[in-house]
Amino acid sequence: MPGISRRDLLCSGVALSASSLIARSAWGRTTALLAGYKDAASAEALAAIAPREQLLFDFGWKFQFGHGTDPARDLGFGIGQGDFAKTGDFGFAKAKFDDSKWRTLNLPHDWAVELPFVNDDIQNSHGFKPVGRRYPETSVGWYRHEFDIPASDLGRRISVEFDGAFRSVLIFVNGCFIGRNDNGYAPFRFDLTDFLSYGQKNYIVARVDASFGDGWFYEGAGIYRHVWLTKTDALHLGKWESTVRTAVNGNAATLTLGTVVQNEGKQAENARVKWQILDAAGKTVATAEAAQQSIAVDGSASFTATAKLANPVLWSVDAPNLYSAIATVETAGKPRDAERVSFGVRTILFDADKGLFLNGKSIKIQGTCNHQDHAGVGAAVPDRLQWFRLGVLKEMGGNAVRTSHNMPTPEWVEGCDRMGLMMMCETRQMSSSPEGLAQLEAMVKRYRNSPSIIMWSIGNEEWQLQEAMAEEGAKIGATMVRRCHELDPTRVVSAAVNGTNAKGVSEAFDIIGFNYNLGYPDDYHKKNPKRPLYGSETASAISTRGVYTTDPLRNTLSAYDTNQPGWGETAEGWWKFYGTRDWEAGGFAWTGFDYRGEPTPYGWPSINSQFGIVDMCGFPKDSFYYYKAWWGKDPVLHLFPHWNFTGREGDEIPVWVHSNLDEVELFVNGKSVGSQKVPHLGHVEWKVRYEPGVIEARGSKDGKVVLTEKRETTGPAASIRLTADRTEIFADGEDLVVLKVEVLDKEGRAVPTAENSINFRVSGEGELIGVGNGDPNCQESDKKPRRSLFNGLAQAIVQSTKKPGEITIEAVGGRLTPGKVTITTKSVEPRPAVG
Ligand code: GAL
């Protein structure tokens with residue numbers, strides 16, 4: 001694609017609509033923040049690690065359901081108890097097996113989101129999907145892929161690497177059983193070198209069994225993260241062994257570089273390791289080299305070196321500057337293997353009296369906890385959508401995320417590194433069992449170079465280990481903390497604790513996190529003045545976007561910041577606590593996004609949570625602006641509710657404004673109903689008798705009106721408006737556009753209460769991969785090309801094919817004037833991929 005780089009594409013083509021806040025800000029800003037992101041896949045970057053090939057193994061899988069209890073409906077697997085008796089006997093992973101009737105799909109894939117909802121209370125916390133041991137027909141999935149291995153690969157080490165799959169996976173290659181993985185979040189890999197046929201077709205099969213879950217929230221089902229085929233020299237760098245540790249001294253930084261080289265070849269090797277340090281523009285700013293060592297066959301050796309960076313550009317949430325280190329192992333001057341590690345230079349300090357310091361400057365954690373599913377796609381979130389989600393949180397003024405309650409997807413972490421969000425990175429299982437420690441080890445090794453991560457969390461609310469089994473908890477906690485420190489001496493270790501933190505697992509923590517219970521921290525701080533504290537999980541405020549009365553018959557909760565369960569706090573409630581104590585490092589609200597499952601305080605037909613500050617699509621609820629006002633840097637004036645209350649004329653309606661200005665005056669149909677000073681970390685509100693027309697807020701600072709906002713009573717819906725986050729995307733089969741769907745009245749005003757059903761037609765070089773509307777009670781399909789608006793909004797997600805061209809998205813709904821958007825998909829060198 002002459003003349004156009006990925007950087008150009010990422011920076012350009014933001015479709016803006018003046019009335020669409022998200023399109024104006026979060027979406028556009030995400031694009032800008034990610035500028036250059038895919039440069040890691042550029043020809044230049046790939047050339048730097050040339051002896052190694054990392055192929056995306058996402059495209060063209062075959063898929064079919066198996067069966068959890070009936071072997072006859074599970075490819076005959078396990079029919080006679082003898083399946084594992086001989087190596088090489090699994091026919092379904094051989095050439096002859098006929099998968100022509102299986103469905104073809106691309107990863108990431110979550111089959112749970114494709115299933116209908118079931119009214120089964122046991123599935124409440126998992127989002128009412130028929131997955132689990134009681135649903136054997138829809139709980140086992142088989143994935144199969146044919147792939148070529150050229151004869152020239154003979155002698156290389158070849159591994160298949162899964163970033164994560166839900167949940168129990170058995171892998172077979174060319175008739176042979178290769179291995180298993182038994183959790184839904186940690187990455188796993190298998191060396192296939194001995195099992196491959198070189199110069200021939202090969203067959204890989206994954207049996208994925210979601211009968212058991214790992215958590216109490218929606219977890220999806222299937223291979224919901226990327227898969228890779230990695231080919232290296234037999235003399236190669238160890239997996240996740242390359243580390244870059246930074247120490248800032250005045251105007252310089254010392255980099256301590258380390259890696260491990262493994263020799264799986266047939267002869268001893270004299271190897272040396274060289275490092276090249278690149279700045280964000282790709283310029284070499286330092287080099288280092290470690291002395292040569294001899295490595296025996298089947299042996300390994302550790303290499304270390306140091307490098308100096310003069311005047312390093314630091315990583316921060318406002319300027320997330322990244323460097324990369326290319327580590328290359330050589331013998332006799334010939335590169336044998338190489339990898340690129342991205343890192344940042346920054347300092348982090350948790351102080352028991354003064355809270356958190358980033359690069360020596362005081363900063364509060366303005367964080368949210370998040371699960372990992374999104375409208376339309378469930379747990380199978382494409383990379384671009386991960387970044388879209390982070391963009392929404394960043395737009396709110398968020399500067400941190402907690403990956404509750406599991407190890408995150410790599411692209412989420414990379415997004416935090418790139419976009420400037422700090423992370424509390426959490427493992428799923430709080431246990432020092434081999435499985436628990438393996439999960440923890442994978443997490444720490446995988447992400448320890450990411451500057452965004454400011455602490456490791458070894459778990460969440462393990463009440464047994466906090467109280468009844470406090471003695472065991474203390475030992476388990478100590479082992480896990482020790483392991484984190486061994487693998488990464490640069491970060492503090494903690495966990496999210498819903499108790500007093502007085503004993504048990506908490507004893508070993510470097511910093512203490514409290515979940516809820518605002519009564520505990522003051523007392524704890526008094527008794528333990530040397531231990532830094534933060535809010536590991538707070539809020540759990542509940543609200544339904546665009547709804548202004550709590551109605552248990554409709555399973556809705558008003559979007560005024562007034563609802564929380566017994567253990568929770570409103571937005572204002574928790575931030576007034578954490579935002580005003582110097583010794584608190586800040587905290588993480590439960591949650592940024594709504595997620596499937598946990599429809600507290602309701603049950604069926606509610607299928608997702610209402611804890612989010614934004615809904616399942618990322619559309620802001622009103623509290624979003626509370627946070628934006630007190631977390632962000634820009635002036636904020638957000639007036640709500642809408643002003644479409646036909647039939648409620650004369651009723652008293654609370655009118656709220658979230659603002660960080662000094663004073664706000666409210667007008668109803670041109671008449672002032674009074675001016676109010678905005679309390680610090682608070683909001684202002686009036687009671688207004690409803691009459692159709694217009695309400696207007698005028699916000700002033702230092703006596704001058706600086707922002708105004710209106711809500712007008714609209715007429716009925718007349719036309720559909722589609723707004724895409726970008727008008728140009730990559731034709732790489734991965735990139736996507738996020739479309740906001742609204743209906744407008746005759747005067748072009750968005751109708752905030754609209755519930756029209758909209759049909760989508762996507763033509764050209766793109767595919768609709770999911771739809772949503774943020775309604776916690778909507779059981780329409782996430783996958784069909786239609787969706788009702790919920791309080792005026794719906795979302796459609798459209799992904800490019802690999803062929804450059806145009807995608808036309810049309811939205812039609814009854815007599816409404818249809819909406820239409822055309823997206824250009826630009827030719828780009830796709831990431832190297834299998835098939
Ligand atoms: C917490 C828990 C979260 C979520 C939340 C709902 O106790 O850690 O996973 O369940 O409650 O309020």
# chains A, B, ... in the order shown; residues from 1 in each chain; ligands from 1
>>> closest_atom_pairs(of="chain A", to="ligand 1", cutoff="8 Å", atoms="only C-alpha atoms and all ligand atoms", output="JSON lines")
{"residue": "A:Trp216", "atom": "CA", "partner": "ligand 1", "partner_atom_place_in_ligand_line": "9 (O)", "distance": 7.2}
{"residue": "A:Phe217", "atom": "CA", "partner": "ligand 1", "partner_atom_place_in_ligand_line": "9 (O)", "distance": 7.3}
{"residue": "A:Ser404", "atom": "CA", "partner": "ligand 1", "partner_atom_place_in_ligand_line": "9 (O)", "distance": 7.2}
{"residue": "A:His405", "atom": "CA", "partner": "ligand 1", "partner_atom_place_in_ligand_line": "9 (O)", "distance": 7.0}
{"residue": "A:Asn460", "atom": "CA", "partner": "ligand 1", "partner_atom_place_in_ligand_line": "8 (O)", "distance": 6.1}
{"residue": "A:Glu461", "atom": "CA", "partner": "ligand 1", "partner_atom_place_in_ligand_line": "8 (O)", "distance": 6.0}
{"residue": "A:Ala496", "atom": "CA", "partner": "ligand 1", "partner_atom_place_in_ligand_line": "8 (O)", "distance": 7.7}
{"residue": "A:Asn498", "atom": "CA", "partner": "ligand 1", "partner_atom_place_in_ligand_line": "7 (O)", "distance": 7.1}
{"residue": "A:Asn515", "atom": "CA", "partner": "ligand 1", "partner_atom_place_in_ligand_line": "7 (O)", "distance": 7.1}
{"residue": "A:Tyr516", "atom": "CA", "partner": "ligand 1", "partner_atom_place_in_ligand_line": "7 (O)", "distance": 8.0}
{"residue": "A:Glu537", "atom": "CA", "partner": "ligand 1", "partner_atom_place_in_ligand_line": "8 (O)", "distance": 7.0}
{"residue": "A:Ala539", "atom": "CA", "partner": "ligand 1", "partner_atom_place_in_ligand_line": "12 (O)", "distance": 7.9}
{"residue": "A:Ser540", "atom": "CA", "partner": "ligand 1", "partner_atom_place_in_ligand_line": "12 (O)", "distance": 4.8}
{"residue": "A:Pro565", "atom": "CA", "partner": "ligand 1", "partner_atom_place_in_ligand_line": "12 (O)", "distance": 7.2}
{"residue": "A:Trp567", "atom": "CA", "partner": "ligand 1", "partner_atom_place_in_ligand_line": "12 (O)", "distance": 7.4}
{"residue": "A:Gly568", "atom": "CA", "partner": "ligand 1", "partner_atom_place_in_ligand_line": "12 (O)", "distance": 6.8}
{"residue": "A:Trp590", "atom": "CA", "partner": "ligand 1", "partner_atom_place_in_ligand_line": "5 (C)", "distance": 6.7}
{"residue": "A:Glu598", "atom": "CA", "partner": "ligand 1", "partner_atom_place_in_ligand_line": "10 (O)", "distance": 6.9}
{"residue": "A:Thr600", "atom": "CA", "partner": "ligand 1", "partner_atom_place_in_ligand_line": "6 (C)", "distance": 7.6}
{"residue": "A:Phe611", "atom": "CA", "partner": "ligand 1", "partner_atom_place_in_ligand_line": "12 (O)", "distance": 7.3}
>>> residues_around(residues="Thr193 of chain A", least_positions_apart="3", cutoff="12 Å", atoms="only C-alpha atoms", output="ChimeraX atom specification")
/A:149,153-160,173-174,178,190,196-198,202,229-234,264-265
>>> residues_around(residues="Ala541 of chain A", least_positions_apart="6", cutoff="9 Å", atoms="only C-alpha atoms", output="PDB file with N, CA and C atoms, in the first residue's frame")
ATOM      1  N   ASP A 561     -27.843   9.594  40.922  1.00  0.00           N
ATOM      2  CA  ASP A 561     -26.843   8.849  41.701  1.00  0.00           C
ATOM      3  C   ASP A 561     -27.381   8.575  43.103  1.00  0.00           C
ATOM      4  N   THR A 562     -28.390   7.700  43.165  1.00  0.00           N
ATOM      5  CA  THR A 562     -29.042   7.475  44.466  1.00  0.00           C
ATOM      6  C   THR A 562     -29.144   5.998  44.853  1.00  0.00           C
ATOM      7  N   ASN A 563     -28.718   5.094  43.981  1.00  0.00           N
ATOM      8  CA  ASN A 563     -28.959   3.673  44.269  1.00  0.00           C
ATOM      9  C   ASN A 563     -27.667   2.892  44.451  1.00  0.00           C
ATOM     10  N   GLN A 564     -27.659   2.121  45.519  1.00  0.00           N
ATOM     11  CA  GLN A 564     -26.540   1.217  45.727  1.00  0.00           C
ATOM     12  C   GLN A 564     -27.032   0.063  46.581  1.00  0.00           C
ATOM     13  N   PRO A 565     -26.447  -1.126  46.461  1.00  0.00           N
ATOM     14  CA  PRO A 565     -26.855  -2.221  47.339  1.00  0.00           C
ATOM     15  C   PRO A 565     -26.335  -1.973  48.751  1.00  0.00           C
ATOM     16  N   GLY A 568     -22.734  -1.184  49.166  1.00  0.00           N
ATOM     17  CA  GLY A 568     -22.090  -0.242  48.241  1.00  0.00           C
ATOM     18  C   GLY A 568     -22.238   1.214  48.639  1.00  0.00           C
ATOM     19  N   GLU A 569     -21.819   2.072  47.744  1.00  0.00           N
ATOM     20  CA  GLU A 569     -21.873   3.525  47.918  1.00  0.00           C
ATOM     21  C   GLU A 569     -22.271   4.147  46.590  1.00  0.00           C
ATOM     22  N   THR A 570     -22.854   5.326  46.633  1.00  0.00           N
ATOM     23  CA  THR A 570     -23.077   6.051  45.384  1.00  0.00           C
ATOM     24  C   THR A 570     -21.717   6.563  44.882  1.00  0.00           C
ATOM     25  N   ALA A 571     -21.732   7.097  43.654  1.00  0.00           N
ATOM     26  CA  ALA A 571     -20.494   7.657  43.102  1.00  0.00           C
ATOM     27  C   ALA A 571     -19.978   8.755  44.034  1.00  0.00           C
ATOM     28  N   ALA A 589     -13.761   1.989  41.300  1.00  0.00           N
ATOM     29  CA  ALA A 589     -15.216   1.848  41.404  1.00  0.00           C
ATOM     30  C   ALA A 589     -15.666   0.555  40.727  1.00  0.00           C
ATOM     31  N   TRP A 590     -16.619  -0.093  41.300  1.00  0.00           N
ATOM     32  CA  TRP A 590     -17.276  -1.240  40.657  1.00  0.00           C
ATOM     33  C   TRP A 590     -18.488  -0.685  39.937  1.00  0.00           C
ATOM     34  N   THR A 591     -18.604  -0.691  38.623  1.00  0.00           N
ATOM     35  CA  THR A 591     -17.641  -1.026  37.593  1.00  0.00           C
ATOM     36  C   THR A 591     -17.617   0.093  36.564  1.00  0.00           C
ATOM     37  N   GLN A 610     -26.094  -3.716  36.392  1.00  0.00           N
ATOM     38  CA  GLN A 610     -26.376  -2.290  36.227  1.00  0.00           C
ATOM     39  C   GLN A 610     -25.374  -1.471  37.037  1.00  0.00           C
ATOM     40  N   PHE A 611     -24.239  -2.104  37.384  1.00  0.00           N
ATOM     41  CA  PHE A 611     -23.225  -1.409  38.185  1.00  0.00           C
ATOM     42  C   PHE A 611     -22.412  -0.415  37.361  1.00  0.00           C
ATOM     43  N   GLY A 612     -22.458  -0.549  36.042  1.00  0.00           N
ATOM     44  CA  GLY A 612     -21.568   0.237  35.192  1.00  0.00           C
ATOM     45  C   GLY A 612     -21.830   1.729  35.266  1.00  0.00           C
ATOM     46  N   ILE A 613     -20.750   2.479  35.058  1.00  0.00           N
ATOM     47  CA  ILE A 613     -20.876   3.931  34.906  1.00  0.00           C
ATOM     48  C   ILE A 613     -21.242   4.204  33.440  1.00  0.00           C
TER      49      ILE A 613
END
>>> closest_residue(among="A:Glu471, A:Tyr595, A:Ile204, A:Asp662", to="Val705 of chain A", atoms="only C-alpha atoms")
A:Asp662
>>> closest_residue(among="A:Ser342, A:Asn501, A:Ser623, A:Thr580", to="Gly355 of chain A", atoms="only C-alpha atoms")
A:Thr580
>>> residues_around(residues="segment 223-226 of chain A", least_positions_apart="3", cutoff="8 Å", atoms="only C-alpha atoms", output="PyMOL selection string")
chain A and resi 56-58+107-110+162-166+208+220+379-381+409
>>> closest_atom_pairs(of="segment 124-217 of chain A", to="segment 71-76 of chain A", cutoff="12 Å", atoms="only C-alpha atoms", output="tab-separated table")
residue	atom	partner	partner_atom	distance
A:Pro136	CA	A:Asp74	CA	10.0
A:Glu137	CA	A:Arg73	CA	8.6
A:Thr138	CA	A:Asp74	CA	11.2
A:Ser139	CA	A:Asp74	CA	11.0
A:Val140	CA	A:Asp74	CA	8.2
A:Gly141	CA	A:Asp74	CA	8.9
A:Trp142	CA	A:Asp74	CA	8.6
A:Tyr143	CA	A:Leu75	CA	11.8
A:Val205	CA	A:Leu75	CA	11.6
A:Arg207	CA	A:Asp74	CA	9.5
A:Val208	CA	A:Asp74	CA	11.3
A:Asp209	CA	A:Asp74	CA	11.0
>>> residues_around(residues="Val821 of chain A", least_positions_apart="2", cutoff="9 Å", atoms="only C-alpha atoms", output="VMD selection string")
chain A and resid 721 to 724 727 807 to 811 819 823
>>> write_last_selection(atoms="all heavy atoms", output="short mmCIF file (atom, residue, chain, number, x, y, z; two decimals), in the first residue's frame")
data_model
loop_
_atom_site.label_atom_id
_atom_site.label_comp_id
_atom_site.auth_asym_id
_atom_site.auth_seq_id
_atom_site.Cartn_x
_atom_site.Cartn_y
_atom_site.Cartn_z
N ARG A 721 -30.13 8.24 12.50
CA ARG A 721 -28.76 8.75 12.28
C ARG A 721 -27.76 7.68 12.73
O ARG A 721 -27.86 7.15 13.84
CB ARG A 721 -28.54 10.02 13.09
CG ARG A 721 -27.09 10.49 13.00
CD ARG A 721 -26.91 11.91 13.49
NE ARG A 721 -27.15 12.05 14.91
CZ ARG A 721 -27.23 13.23 15.53
NH1 ARG A 721 -27.11 14.35 14.84
NH2 ARG A 721 -27.46 13.29 16.83
N LEU A 722 -26.83 7.39 11.84
CA LEU A 722 -25.74 6.47 12.16
C LEU A 722 -24.46 7.28 12.27
O LEU A 722 -24.16 8.06 11.37
CB LEU A 722 -25.53 5.48 11.01
CG LEU A 722 -26.44 4.28 10.88
CD1 LEU A 722 -25.99 3.44 9.68
CD2 LEU A 722 -26.35 3.44 12.15
N THR A 723 -23.72 7.09 13.33
CA THR A 723 -22.44 7.79 13.47
C THR A 723 -21.36 6.75 13.73
O THR A 723 -21.45 5.99 14.69
CB THR A 723 -22.48 8.77 14.67
OG1 THR A 723 -23.68 9.53 14.57
CG2 THR A 723 -21.29 9.70 14.66
N ALA A 724 -20.37 6.73 12.85
CA ALA A 724 -19.29 5.76 13.02
C ALA A 724 -18.13 6.43 13.74
O ALA A 724 -17.93 7.63 13.61
CB ALA A 724 -18.83 5.27 11.65
N THR A 727 -14.12 6.80 9.71
CA THR A 727 -14.61 6.54 8.35
C THR A 727 -13.62 5.75 7.53
O THR A 727 -13.94 5.33 6.43
CB THR A 727 -14.90 7.87 7.62
OG1 THR A 727 -13.74 8.68 7.70
CG2 THR A 727 -16.09 8.59 8.22
N ILE A 807 -17.36 -0.24 2.88
CA ILE A 807 -18.44 -0.92 3.61
C ILE A 807 -19.59 0.07 3.69
O ILE A 807 -19.38 1.22 4.11
CB ILE A 807 -18.06 -1.29 5.06
CG1 ILE A 807 -16.69 -1.95 5.13
CG2 ILE A 807 -19.12 -2.17 5.69
CD1 ILE A 807 -16.22 -2.20 6.58
N THR A 808 -20.77 -0.39 3.29
CA THR A 808 -21.93 0.48 3.47
C THR A 808 -22.81 -0.12 4.55
O THR A 808 -23.12 -1.32 4.51
CB THR A 808 -22.71 0.60 2.15
OG1 THR A 808 -21.81 1.14 1.19
CG2 THR A 808 -23.89 1.53 2.28
N ILE A 809 -23.15 0.71 5.50
CA ILE A 809 -24.02 0.24 6.58
C ILE A 809 -25.30 1.06 6.49
O ILE A 809 -25.26 2.29 6.53
CB ILE A 809 -23.37 0.43 7.96
CG1 ILE A 809 -22.04 -0.36 7.99
CG2 ILE A 809 -24.29 -0.07 9.07
CD1 ILE A 809 -20.89 0.44 8.40
N GLU A 810 -26.41 0.35 6.34
CA GLU A 810 -27.69 1.05 6.28
C GLU A 810 -28.53 0.62 7.47
O GLU A 810 -28.51 -0.55 7.88
CB GLU A 810 -28.44 0.66 5.00
CG GLU A 810 -27.81 1.26 3.75
CD GLU A 810 -28.35 0.59 2.51
OE1 GLU A 810 -27.92 -0.55 2.22
OE2 GLU A 810 -29.23 1.18 1.87
N ALA A 811 -29.28 1.57 7.99
CA ALA A 811 -30.15 1.27 9.12
C ALA A 811 -31.57 1.68 8.72
O ALA A 811 -31.80 2.83 8.34
CB ALA A 811 -29.69 2.06 10.34
N GLY A 819 -30.90 5.56 7.81
CA GLY A 819 -29.57 6.14 8.02
C GLY A 819 -28.57 5.34 7.21
O GLY A 819 -28.77 4.15 6.95
N ILE A 823 -17.94 3.42 4.93
CA ILE A 823 -16.61 3.36 5.55
C ILE A 823 -15.63 2.89 4.47
O ILE A 823 -15.92 1.95 3.72
CB ILE A 823 -16.60 2.31 6.69
CG1 ILE A 823 -17.75 2.55 7.69
CG2 ILE A 823 -15.25 2.24 7.38
CD1 ILE A 823 -17.67 3.82 8.46
#
>>> residues_around(residues="Phe730 of chain A", least_positions_apart="3", cutoff="10 Å", atoms="only C-alpha atoms", output="PDB file with N, CA, C and O atoms, in the first residue's frame")
ATOM      1  N   ARG A   6       0.341   2.629   8.631  1.00  0.00           N
ATOM      2  CA  ARG A   6      -0.684   2.344   9.639  1.00  0.00           C
ATOM      3  C   ARG A   6      -0.893   3.564  10.511  1.00  0.00           C
ATOM      4  O   ARG A   6      -1.979   3.868  10.942  1.00  0.00           O
ATOM      5  N   LEU A   9      -3.278   5.917   9.004  1.00  0.00           N
ATOM      6  CA  LEU A   9      -4.655   5.437   9.046  1.00  0.00           C
ATOM      7  C   LEU A   9      -5.245   5.580  10.437  1.00  0.00           C
ATOM      8  O   LEU A   9      -6.394   5.953  10.602  1.00  0.00           O
ATOM      9  N   LEU A  10      -4.425   5.287  11.428  1.00  0.00           N
ATOM     10  CA  LEU A  10      -4.957   5.365  12.782  1.00  0.00           C
ATOM     11  C   LEU A  10      -5.255   6.798  13.183  1.00  0.00           C
ATOM     12  O   LEU A  10      -6.098   7.060  14.007  1.00  0.00           O
ATOM     13  N   GLY A 733      -9.200  -7.621   8.204  1.00  0.00           N
ATOM     14  CA  GLY A 733     -10.034  -8.670   8.796  1.00  0.00           C
ATOM     15  C   GLY A 733     -10.125  -8.571  10.310  1.00  0.00           C
ATOM     16  O   GLY A 733     -10.702  -9.444  10.958  1.00  0.00           O
ATOM     17  N   GLU A 734      -9.549  -7.533  10.892  1.00  0.00           N
ATOM     18  CA  GLU A 734      -9.558  -7.391  12.355  1.00  0.00           C
ATOM     19  C   GLU A 734     -10.133  -6.049  12.806  1.00  0.00           C
ATOM     20  O   GLU A 734     -10.783  -5.952  13.827  1.00  0.00           O
ATOM     21  N   ASP A 735      -9.813  -5.008  12.039  1.00  0.00           N
ATOM     22  CA  ASP A 735     -10.207  -3.664  12.439  1.00  0.00           C
ATOM     23  C   ASP A 735     -11.737  -3.537  12.374  1.00  0.00           C
ATOM     24  O   ASP A 735     -12.415  -4.334  11.705  1.00  0.00           O
ATOM     25  N   LEU A 736     -12.269  -2.549  13.030  1.00  0.00           N
ATOM     26  CA  LEU A 736     -13.727  -2.420  13.054  1.00  0.00           C
ATOM     27  C   LEU A 736     -14.162  -0.989  13.298  1.00  0.00           C
ATOM     28  O   LEU A 736     -13.370  -0.155  13.736  1.00  0.00           O
ATOM     29  N   GLN A 799     -16.946  -5.199  11.258  1.00  0.00           N
ATOM     30  CA  GLN A 799     -15.524  -5.528  11.090  1.00  0.00           C
ATOM     31  C   GLN A 799     -15.166  -5.608   9.617  1.00  0.00           C
ATOM     32  O   GLN A 799     -15.969  -6.062   8.794  1.00  0.00           O
ATOM     33  N   SER A 800     -13.958  -5.211   9.280  1.00  0.00           N
ATOM     34  CA  SER A 800     -13.524  -5.242   7.875  1.00  0.00           C
ATOM     35  C   SER A 800     -13.236  -6.672   7.429  1.00  0.00           C
ATOM     36  O   SER A 800     -12.967  -7.556   8.250  1.00  0.00           O
ATOM     37  N   THR A 801     -13.274  -6.894   6.125  1.00  0.00           N
ATOM     38  CA  THR A 801     -12.715  -8.121   5.551  1.00  0.00           C
ATOM     39  C   THR A 801     -11.252  -7.799   5.238  1.00  0.00           C
ATOM     40  O   THR A 801     -10.769  -6.716   5.543  1.00  0.00           O
ATOM     41  N   LYS A 802     -10.584  -8.735   4.574  1.00  0.00           N
ATOM     42  CA  LYS A 802      -9.180  -8.455   4.252  1.00  0.00           C
ATOM     43  C   LYS A 802      -9.044  -7.778   2.895  1.00  0.00           C
ATOM     44  O   LYS A 802      -7.937  -7.541   2.420  1.00  0.00           O
ATOM     45  N   LYS A 803     -10.185  -7.505   2.251  1.00  0.00           N
ATOM     46  CA  LYS A 803     -10.125  -6.901   0.923  1.00  0.00           C
ATOM     47  C   LYS A 803     -10.425  -5.400   1.024  1.00  0.00           C
ATOM     48  O   LYS A 803     -11.452  -5.012   1.571  1.00  0.00           O
ATOM     49  N   PRO A 804      -9.539  -4.568   0.510  1.00  0.00           N
ATOM     50  CA  PRO A 804      -9.819  -3.136   0.576  1.00  0.00           C
ATOM     51  C   PRO A 804     -11.024  -2.754  -0.252  1.00  0.00           C
ATOM     52  O   PRO A 804     -11.306  -3.378  -1.275  1.00  0.00           O
ATOM     53  N   GLY A 805     -11.725  -1.738   0.167  1.00  0.00           N
ATOM     54  CA  GLY A 805     -12.917  -1.315  -0.566  1.00  0.00           C
ATOM     55  C   GLY A 805     -13.766  -0.433   0.314  1.00  0.00           C
ATOM     56  O   GLY A 805     -13.251   0.355   1.110  1.00  0.00           O
ATOM     57  N   THR A 824     -14.490   3.498   4.413  1.00  0.00           N
ATOM     58  CA  THR A 824     -13.461   3.037   3.472  1.00  0.00           C
ATOM     59  C   THR A 824     -12.536   2.077   4.204  1.00  0.00           C
ATOM     60  O   THR A 824     -12.103   2.372   5.331  1.00  0.00           O
ATOM     61  N   THR A 825     -12.238   0.950   3.588  1.00  0.00           N
ATOM     62  CA  THR A 825     -11.258   0.050   4.198  1.00  0.00           C
ATOM     63  C   THR A 825     -10.000   0.094   3.337  1.00  0.00           C
ATOM     64  O   THR A 825     -10.045  -0.152   2.138  1.00  0.00           O
ATOM     65  N   LYS A 826      -8.908   0.450   3.980  1.00  0.00           N
ATOM     66  CA  LYS A 826      -7.652   0.733   3.280  1.00  0.00           C
ATOM     67  C   LYS A 826      -6.748  -0.483   3.287  1.00  0.00           C
ATOM     68  O   LYS A 826      -6.608  -1.153   4.313  1.00  0.00           O
ATOM     69  N   SER A 827      -6.087  -0.631   2.161  1.00  0.00           N
ATOM     70  CA  SER A 827      -5.131  -1.725   2.038  1.00  0.00           C
ATOM     71  C   SER A 827      -4.011  -1.542   3.054  1.00  0.00           C
ATOM     72  O   SER A 827      -3.521  -0.437   3.262  1.00  0.00           O
ATOM     73  N   VAL A 828      -3.640  -2.625   3.688  1.00  0.00           N
ATOM     74  CA  VAL A 828      -2.565  -2.574   4.661  1.00  0.00           C
ATOM     75  C   VAL A 828      -1.944  -3.954   4.697  1.00  0.00           C
ATOM     76  O   VAL A 828      -2.632  -4.951   4.439  1.00  0.00           O
ATOM     77  N   GLU A 829      -0.673  -4.005   4.973  1.00  0.00           N
ATOM     78  CA  GLU A 829      -0.032  -5.321   5.106  1.00  0.00           C
ATOM     79  C   GLU A 829      -0.627  -5.962   6.362  1.00  0.00           C
ATOM     80  O   GLU A 829      -0.465  -5.442   7.466  1.00  0.00           O
ATOM     81  N   PRO A 830      -1.372  -7.071   6.217  1.00  0.00           N
ATOM     82  CA  PRO A 830      -1.976  -7.627   7.438  1.00  0.00           C
ATOM     83  C   PRO A 830      -0.903  -8.225   8.346  1.00  0.00           C
ATOM     84  O   PRO A 830       0.204  -8.496   7.894  1.00  0.00           O
TER      85      PRO A 830
END
>>> closest_residue(among="A:Leu437, A:Val614, A:Ala291, A:Leu707", to="Asn270 of chain A", atoms="only C-alpha atoms")
A:Ala291
>>> closest_residue(among="A:Tyr135, A:Tyr625, A:Phe147, A:Phe177", to="Lys86 of chain A", atoms="only C-alpha atoms")
A:Phe177
>>> select_by_dssp(residues="segment 224-397 of chain A", states="alpha helix (DSSP H)", output="number ranges by chain")
A: 383-395
>>> closest_residue(among="A:Glu241, A:Asp775, A:Asp318, A:Asp279", to="Phe303 of chain A", atoms="only C-alpha atoms")
A:Glu241
>>> select_by_dssp(residues="segment 82-242 of chain A", states="strand (DSSP E)", output="ChimeraX atom specification")
/A:103-105,140-149,157-162,168-173,176-182,188-191,200-209,227-232,235-237
>>> atom_distance(atom1="atom CA of Lys394 of chain A", atom2="atom CA of Gly597 of chain A")
24.5 Å
>>> atom_distance(atom1="atom CA of Ser536 of chain A", atom2="atom CA of Ala400 of chain A")
11.4 Å
>>> decode(residues="segment 223-232 of chain A", atoms="C-alpha atoms", output="tab-separated table (two decimals), in the first residue's frame")
chain	number	residue	atom	x	y	z
A	223	ILE	CA	-11.38	-19.55	22.15
A	224	TYR	CA	-12.14	-15.95	22.97
A	225	ARG	CA	-8.61	-14.54	22.69
A	226	HIS	CA	-5.95	-14.73	19.98
A	227	VAL	CA	-4.03	-17.86	19.05
A	228	TRP	CA	-0.49	-17.71	17.64
A	229	LEU	CA	1.85	-20.08	15.86
A	230	THR	CA	5.38	-19.16	16.85
A	231	LYS	CA	8.46	-20.42	15.04
A	232	THR	CA	11.94	-19.90	16.40
